[in-house]
file model.pdb (PDB, C-alpha atoms)
ATOM      1  CA  MET F 169      16.442  68.576  21.859  1.00  0.00           C
ATOM      2  CA  LEU F 170      15.554  66.629  25.013  1.00  0.00           C
ATOM      3  CA  ARG F 171      11.888  66.767  24.061  1.00  0.00           C
ATOM      4  CA  ARG F 172      12.644  65.283  20.611  1.00  0.00           C
ATOM      5  CA  ALA F 173      14.664  62.451  22.144  1.00  0.00           C
ATOM      6  CA  LEU F 174      11.878  61.697  24.605  1.00  0.00           C
ATOM      7  CA  VAL F 175       9.222  61.676  21.845  1.00  0.00           C
ATOM      8  CA  GLY F 176      11.433  59.398  19.737  1.00  0.00           C
ATOM      9  CA  LEU F 177      11.943  57.018  22.644  1.00  0.00           C
ATOM     10  CA  VAL F 178       8.215  56.835  23.376  1.00  0.00           C
ATOM     11  CA  ALA F 179       7.422  56.277  19.684  1.00  0.00           C
ATOM     12  CA  THR F 180       9.989  53.481  19.491  1.00  0.00           C
ATOM     13  CA  LEU F 181       8.576  51.778  22.568  1.00  0.00           C
ATOM     14  CA  VAL F 182       4.998  52.031  21.281  1.00  0.00           C
ATOM     15  CA  LEU F 183       5.874  50.657  17.848  1.00  0.00           C
ATOM     16  CA  SER F 184       7.985  47.821  19.216  1.00  0.00           C
ATOM     17  CA  ALA F 185       5.181  46.820  21.574  1.00  0.00           C
ATOM     18  CA  CYS F 186       2.871  46.440  18.572  1.00  0.00           C
ATOM     19  CA  ALA F 187       5.211  44.132  16.663  1.00  0.00           C
ATOM     20  CA  ALA F 188       4.355  40.481  17.265  1.00  0.00           C
ATOM     21  CA  ALA F 189       7.452  38.409  17.753  1.00  0.00           C
ATOM     22  CA  ALA F 190       7.185  34.699  17.043  1.00  0.00           C
ATOM     23  CA  PRO F 191       8.376  32.633  19.969  1.00  0.00           C
ATOM     24  CA  ALA F 192      11.609  30.808  19.347  1.00  0.00           C
ATOM     25  CA  PRO F 193      11.141  27.041  19.058  1.00  0.00           C
ATOM     26  CA  THR F 194      11.802  25.379  22.376  1.00  0.00           C
ATOM     27  CA  PRO F 195      11.168  21.840  23.537  1.00  0.00           C
ATOM     28  CA  GLU F 196       7.922  23.100  25.077  1.00  0.00           C
ATOM     29  CA  ASN F 197       6.429  24.633  21.906  1.00  0.00           C
ATOM     30  CA  ALA F 198       8.247  22.775  19.137  1.00  0.00           C
ATOM     31  CA  GLY F 199       6.083  19.690  19.527  1.00  0.00           C
ATOM     32  CA  PRO F 200       7.154  16.100  19.101  1.00  0.00           C
ATOM     33  CA  VAL F 201       9.299  14.854  16.243  1.00  0.00           C
ATOM     34  CA  GLU F 202       8.036  11.752  14.488  1.00  0.00           C
ATOM     35  CA  ILE F 203       9.096  10.080  11.252  1.00  0.00           C
ATOM     36  CA  VAL F 204       6.734   7.465   9.817  1.00  0.00           C
ATOM     37  CA  LEU F 205       7.402   5.197   6.851  1.00  0.00           C
ATOM     38  CA  GLU F 206       4.492   3.036   5.753  1.00  0.00           C
ATOM     39  CA  ARG F 207       4.648   0.420   3.003  1.00  0.00           C
ATOM     40  CA  THR F 208       1.470  -1.273   1.801  1.00  0.00           C
ATOM     41  CA  PRO F 209       1.102  -4.560  -0.087  1.00  0.00           C
ATOM     42  CA  CYS F 210       0.778  -4.976  -3.815  1.00  0.00           C
ATOM     43  CA  PHE F 211      -1.159  -7.736  -5.584  1.00  0.00           C
ATOM     44  CA  GLY F 212       1.850  -9.971  -4.928  1.00  0.00           C
ATOM     45  CA  PHE F 213       3.951 -10.368  -1.810  1.00  0.00           C
ATOM     46  CA  CYS F 214       5.188  -6.832  -1.114  1.00  0.00           C
ATOM     47  CA  PRO F 215       6.009  -6.248   2.565  1.00  0.00           C
ATOM     48  CA  ASP F 216       3.201  -4.507   4.466  1.00  0.00           C
ATOM     49  CA  TYR F 217       4.420  -2.603   7.518  1.00  0.00           C
ATOM     50  CA  ARG F 218       4.754   0.719   9.277  1.00  0.00           C
ATOM     51  CA  VAL F 219       7.804   1.998  11.137  1.00  0.00           C
ATOM     52  CA  THR F 220       7.725   5.048  13.395  1.00  0.00           C
ATOM     53  CA  ILE F 221      10.815   6.818  14.694  1.00  0.00           C
ATOM     54  CA  SER F 222      10.330   9.273  17.548  1.00  0.00           C
ATOM     55  CA  GLY F 223      12.529  12.269  18.273  1.00  0.00           C
ATOM     56  CA  ASP F 224      14.251  10.483  21.156  1.00  0.00           C
ATOM     57  CA  GLY F 225      15.224   7.592  18.869  1.00  0.00           C
ATOM     58  CA  GLY F 226      12.478   5.140  19.792  1.00  0.00           C
ATOM     59  CA  VAL F 227      11.553   2.808  16.919  1.00  0.00           C
ATOM     60  CA  LEU F 228       8.156   1.123  16.646  1.00  0.00           C
ATOM     61  CA  PHE F 229       7.709  -1.467  13.884  1.00  0.00           C
ATOM     62  CA  GLU F 230       4.224  -2.752  13.071  1.00  0.00           C
ATOM     63  CA  GLY F 231       4.431  -5.744  10.753  1.00  0.00           C
ATOM     64  CA  ARG F 232       1.219  -6.684   8.994  1.00  0.00           C
ATOM     65  CA  ARG F 233       1.727  -9.038   6.042  1.00  0.00           C
ATOM     66  CA  PHE F 234       4.565 -10.508   3.992  1.00  0.00           C
ATOM     67  CA  VAL F 235       7.151  -9.685   6.645  1.00  0.00           C
ATOM     68  CA  ASN F 236       9.312 -11.946   8.768  1.00  0.00           C
ATOM     69  CA  VAL F 237       7.808 -10.663  12.040  1.00  0.00           C
ATOM     70  CA  THR F 238       4.192  -9.568  12.409  1.00  0.00           C
ATOM     71  CA  GLY F 239       2.896  -7.406  15.225  1.00  0.00           C
ATOM     72  CA  GLU F 240       4.732  -4.736  17.172  1.00  0.00           C
ATOM     73  CA  GLN F 241       8.480  -4.706  17.652  1.00  0.00           C
ATOM     74  CA  HIS F 242      10.545  -2.047  19.411  1.00  0.00           C
ATOM     75  CA  GLY F 243      14.032  -0.750  18.817  1.00  0.00           C
ATOM     76  CA  GLN F 244      16.197   2.242  19.579  1.00  0.00           C
ATOM     77  CA  ILE F 245      18.475   4.464  17.535  1.00  0.00           C
ATOM     78  CA  SER F 246      20.571   7.379  18.711  1.00  0.00           C
ATOM     79  CA  PRO F 247      19.257  10.949  18.752  1.00  0.00           C
ATOM     80  CA  ALA F 248      22.154  11.784  16.411  1.00  0.00           C
ATOM     81  CA  GLU F 249      20.726   9.345  13.838  1.00  0.00           C
ATOM     82  CA  VAL F 250      17.334  11.060  14.153  1.00  0.00           C
ATOM     83  CA  GLU F 251      19.021  14.426  13.577  1.00  0.00           C
ATOM     84  CA  ALA F 252      20.812  13.029  10.519  1.00  0.00           C
ATOM     85  CA  LEU F 253      17.481  11.834   9.101  1.00  0.00           C
ATOM     86  CA  LEU F 254      15.940  15.259   9.734  1.00  0.00           C
ATOM     87  CA  ALA F 255      18.866  16.817   7.883  1.00  0.00           C
ATOM     88  CA  ARG F 256      18.109  14.523   4.911  1.00  0.00           C
ATOM     89  CA  PHE F 257      14.470  15.700   4.929  1.00  0.00           C
ATOM     90  CA  ASP F 258      15.704  19.292   4.803  1.00  0.00           C
ATOM     91  CA  ALA F 259      18.323  18.553   2.125  1.00  0.00           C
ATOM     92  CA  ILE F 260      15.706  17.213  -0.308  1.00  0.00           C
ATOM     93  CA  GLY F 261      13.230  20.023   0.419  1.00  0.00           C
ATOM     94  CA  PHE F 262      10.643  17.629   1.841  1.00  0.00           C
ATOM     95  CA  ASP F 263       8.287  20.423   2.924  1.00  0.00           C
ATOM     96  CA  GLU F 264       8.098  21.725  -0.662  1.00  0.00           C
ATOM     97  CA  LEU F 265       7.341  18.349  -2.292  1.00  0.00           C
ATOM     98  CA  ARG F 266       3.905  17.500  -3.625  1.00  0.00           C
ATOM     99  CA  SER F 267       1.705  15.418  -1.332  1.00  0.00           C
ATOM    100  CA  GLU F 268       1.288  12.636  -3.902  1.00  0.00           C
ATOM    101  CA  TYR F 269       3.243  11.177  -6.792  1.00  0.00           C
ATOM    102  CA  ARG F 270       1.112   8.628  -8.653  1.00  0.00           C
ATOM    103  CA  GLY F 271       2.164   6.748 -11.731  1.00  0.00           C
ATOM    104  CA  GLN F 272      -0.414   5.472 -14.224  1.00  0.00           C
ATOM    105  CA  MET F 273      -0.011   1.769 -13.486  1.00  0.00           C
ATOM    106  CA  THR F 274      -1.483  -0.855 -11.199  1.00  0.00           C
ATOM    107  CA  ASP F 275      -0.221  -3.573  -8.853  1.00  0.00           C
ATOM    108  CA  LEU F 276       2.341  -1.437  -7.070  1.00  0.00           C
ATOM    109  CA  PRO F 277       2.835  -1.017  -3.345  1.00  0.00           C
ATOM    110  CA  THR F 278       2.262   2.431  -1.888  1.00  0.00           C
ATOM    111  CA  THR F 279       4.919   4.021   0.291  1.00  0.00           C
ATOM    112  CA  THR F 280       4.128   7.051   2.424  1.00  0.00           C
ATOM    113  CA  ILE F 281       6.561   9.124   4.450  1.00  0.00           C
ATOM    114  CA  THR F 282       5.176  11.450   7.130  1.00  0.00           C
ATOM    115  CA  LEU F 283       7.296  13.934   9.040  1.00  0.00           C
ATOM    116  CA  THR F 284       5.896  15.676  12.110  1.00  0.00           C
ATOM    117  CA  ARG F 285       7.927  18.432  13.748  1.00  0.00           C
ATOM    118  CA  ASN F 286       7.464  21.953  15.059  1.00  0.00           C
ATOM    119  CA  GLY F 287       3.745  21.276  15.380  1.00  0.00           C
ATOM    120  CA  ARG F 288       3.331  20.511  11.638  1.00  0.00           C
ATOM    121  CA  SER F 289       2.911  17.306   9.646  1.00  0.00           C
ATOM    122  CA  LYS F 290       3.744  16.684   6.008  1.00  0.00           C
ATOM    123  CA  SER F 291       3.167  13.452   4.091  1.00  0.00           C
ATOM    124  CA  VAL F 292       4.396  12.360   0.673  1.00  0.00           C
ATOM    125  CA  LEU F 293       2.716   9.377  -0.998  1.00  0.00           C
ATOM    126  CA  ASP F 294       4.674   7.352  -3.558  1.00  0.00           C
ATOM    127  CA  TYR F 295       2.794   5.093  -5.974  1.00  0.00           C
ATOM    128  CA  GLY F 296       5.251   4.622  -8.816  1.00  0.00           C
ATOM    129  CA  GLY F 297       6.300   8.155  -8.005  1.00  0.00           C
ATOM    130  CA  VAL F 298       9.594   8.415  -9.889  1.00  0.00           C
ATOM    131  CA  SER F 299       7.697   7.861 -13.134  1.00  0.00           C
ATOM    132  CA  ALA F 300       5.277  10.605 -12.005  1.00  0.00           C
ATOM    133  CA  GLY F 301       7.989  13.190 -11.421  1.00  0.00           C
ATOM    134  CA  MET F 302       8.914  12.360  -7.833  1.00  0.00           C
ATOM    135  CA  PRO F 303      12.586  13.115  -7.142  1.00  0.00           C
ATOM    136  CA  ARG F 304      14.704   9.996  -6.787  1.00  0.00           C
ATOM    137  CA  ALA F 305      15.915  11.502  -3.499  1.00  0.00           C
ATOM    138  CA  VAL F 306      12.534  10.587  -1.965  1.00  0.00           C
ATOM    139  CA  ARG F 307      13.137   6.892  -2.734  1.00  0.00           C
ATOM    140  CA  GLU F 308      16.607   7.237  -1.275  1.00  0.00           C
ATOM    141  CA  LEU F 309      15.085   8.793   1.857  1.00  0.00           C
ATOM    142  CA  GLN F 310      12.655   5.862   2.149  1.00  0.00           C
ATOM    143  CA  ASP F 311      15.579   3.447   2.008  1.00  0.00           C
ATOM    144  CA  GLU F 312      17.546   5.537   4.506  1.00  0.00           C
ATOM    145  CA  ILE F 313      14.652   5.471   6.997  1.00  0.00           C
ATOM    146  CA  ASP F 314      14.479   1.672   6.646  1.00  0.00           C
ATOM    147  CA  ARG F 315      18.244   1.380   7.071  1.00  0.00           C
ATOM    148  CA  VAL F 316      18.477   3.628  10.126  1.00  0.00           C
ATOM    149  CA  ALA F 317      15.432   2.031  11.795  1.00  0.00           C
ATOM    150  CA  GLY F 318      16.824  -1.439  11.086  1.00  0.00           C
ATOM    151  CA  THR F 319      13.568  -2.734   9.595  1.00  0.00           C
ATOM    152  CA  SER F 320      15.313  -5.500   7.649  1.00  0.00           C
ATOM    153  CA  ARG F 321      15.554  -7.556  10.867  1.00  0.00           C
ATOM    154  CA  TRP F 322      11.742  -7.711  10.910  1.00  0.00           C
ATOM    155  CA  VAL F 323      10.961  -7.599   7.171  1.00  0.00           C
ATOM    156  CA  LEU F 324      13.464  -9.984   5.599  1.00  0.00           C
ATOM    157  CA  ARG F 325      13.974 -13.703   6.136  1.00  0.00           C
ATOM    158  CA  ASP F 326      17.462 -14.903   5.271  1.00  0.00           C
ATOM    159  CA  GLY F 327      18.103 -11.574   3.518  1.00  0.00           C
ATOM    160  CA  ARG F 328      15.079 -11.910   1.210  1.00  0.00           C
ATOM    161  CA  PRO F 329      11.522 -10.575   1.383  1.00  0.00           C
ATOM    162  CA  VAL F 330       9.056 -13.056   2.832  1.00  0.00           C
ATOM    163  CA  ARG F 331       6.997 -14.714   0.083  1.00  0.00           C
ATOM    164  CA  ASP F 332       4.510 -16.702   2.110  1.00  0.00           C
ATOM    165  CA  PRO F 333       1.716 -15.050   4.078  1.00  0.00           C
ATOM    166  CA  PRO F 334       2.128 -15.135   7.871  1.00  0.00           C
ATOM    167  CA  GLN F 335       0.339 -17.927   9.681  1.00  0.00           C
ATOM    168  CA  PRO F 336      -2.551 -16.912  11.980  1.00  0.00           C
TER
END
call {"tool": "encode", "arguments": {"input": "model.pdb", "output": "structure tokens"}}
result
Amino acid sequence: MLRRALVGLVATLVLSACAAAAPAPTPENAGPVEIVLERTPCFGFCPDYRVTISGDGGVLFEGRRFVNVTGEQHGQISPAEVEALLARFDAIGFDELRSEYRGQMTDLPTTTITLTRNGRSKSVLDYGGVSAGMPRAVRELQDEIDRVAGTSRWVLRDGRPVRDPPQP
């Protein structure tokens, strides 16, 4: 009886040593969190900018054309707001979405969302995407990123998109 228990214990130890356990995500191995929203121009006056939100709530706005403020601008949001955005990504199943949603039309701006976390990046490109089967929740997420990052202070002039190109 003792011999059987000892053999069973040794077998259990050997088998458990062979099983590879994935390390639990920690700040050291989870990698940085970054949310990027990029909007490109159309043939008209669509705002052209990129906004990046880091995991600690840092906001970097890079205005290019047809925005109220060109160049780099910095802001800050709370870590709780970053967590709420990450929850929205999860709620819409962002990781399972297609990488591109392209409609069969021209003269539209392109909007791309990129989420980097846990050492992985995923991007979703929207070019008339709702008409190409993209869930409306992706457009709502784009708007939510803009709202949380506060991009309207750099994109809009008097509450409206800028219609004249920036002066050199």
call {"tool": "atom_distance", "arguments": {"input": "model.pdb", "atom1": "atom CA of F:Leu228", "atom2": "atom CA of F:Leu254"}}
result
17.6 Å
call {"tool": "resolve_selection", "arguments": {"input": "model.pdb", "expression": "the PyMOL selection byres ((chain F and resi 242) around 6)", "output": "ChimeraX atom specification"}}
result
/F:227-228,241,243
call {"tool": "write_last_selection", "arguments": {"input": "model.pdb", "atoms": "C-alpha atoms", "output": "CSV table (one decimal), in the coordinates of the input"}}
result
chain,number,residue,atom,x,y,z
F,227,VAL,CA,11.6,2.8,16.9
F,228,LEU,CA,8.2,1.1,16.6
F,241,GLN,CA,8.5,-4.7,17.7
F,243,GLY,CA,14.0,-0.8,18.8
call {"tool": "residues_around", "arguments": {"input": "model.pdb", "residues": "stretch 288-294 of chain F", "least_positions_apart": "2", "cutoff": "6 Å", "atoms": "only C-alpha atoms", "output": "tab-separated table (two decimals) with C-alpha atoms, in the coordinates of the input"}}
result
chain	number	residue	atom	x	y	z
F	267	SER	CA	1.70	15.42	-1.33
F	268	GLU	CA	1.29	12.64	-3.90
F	269	TYR	CA	3.24	11.18	-6.79
F	278	THR	CA	2.26	2.43	-1.89
F	279	THR	CA	4.92	4.02	0.29
F	280	THR	CA	4.13	7.05	2.42
F	281	ILE	CA	6.56	9.12	4.45
F	282	THR	CA	5.18	11.45	7.13
F	283	LEU	CA	7.30	13.93	9.04
F	284	THR	CA	5.90	15.68	12.11
F	285	ARG	CA	7.93	18.43	13.75
F	286	ASN	CA	7.46	21.95	15.06
F	296	GLY	CA	5.25	4.62	-8.82
F	297	GLY	CA	6.30	8.15	-8.01
call {"tool": "resolve_selection", "arguments": {"input": "model.pdb", "expression": "the PyMOL selection byres ((chain F and resi 244-246) around 9)", "output": "list in words"}}
result
Ile221, Asp224, Gly225, Gly226, Val227, Leu228, His242, Gly243, Pro247, Ala248, Glu249, Val250, Glu251, Val316, Ala317 and Gly318 of chain F
call {"tool": "resolve_selection", "arguments": {"input": "model.pdb", "expression": "the PyMOL selection byres ((chain F and resi 240) around 6)", "output": "short mmCIF file (atom, residue, chain, number, x, y, z; two decimals) with C-alpha atoms, in the frame of the given file"}}
result
data_model
loop_
_atom_site.label_atom_id
_atom_site.label_comp_id
_atom_site.auth_asym_id
_atom_site.auth_seq_id
_atom_site.Cartn_x
_atom_site.Cartn_y
_atom_site.Cartn_z
CA PHE F 229 7.71 -1.47 13.88
CA GLU F 230 4.22 -2.75 13.07
CA GLY F 239 2.90 -7.41 15.22
CA GLN F 241 8.48 -4.71 17.65
#
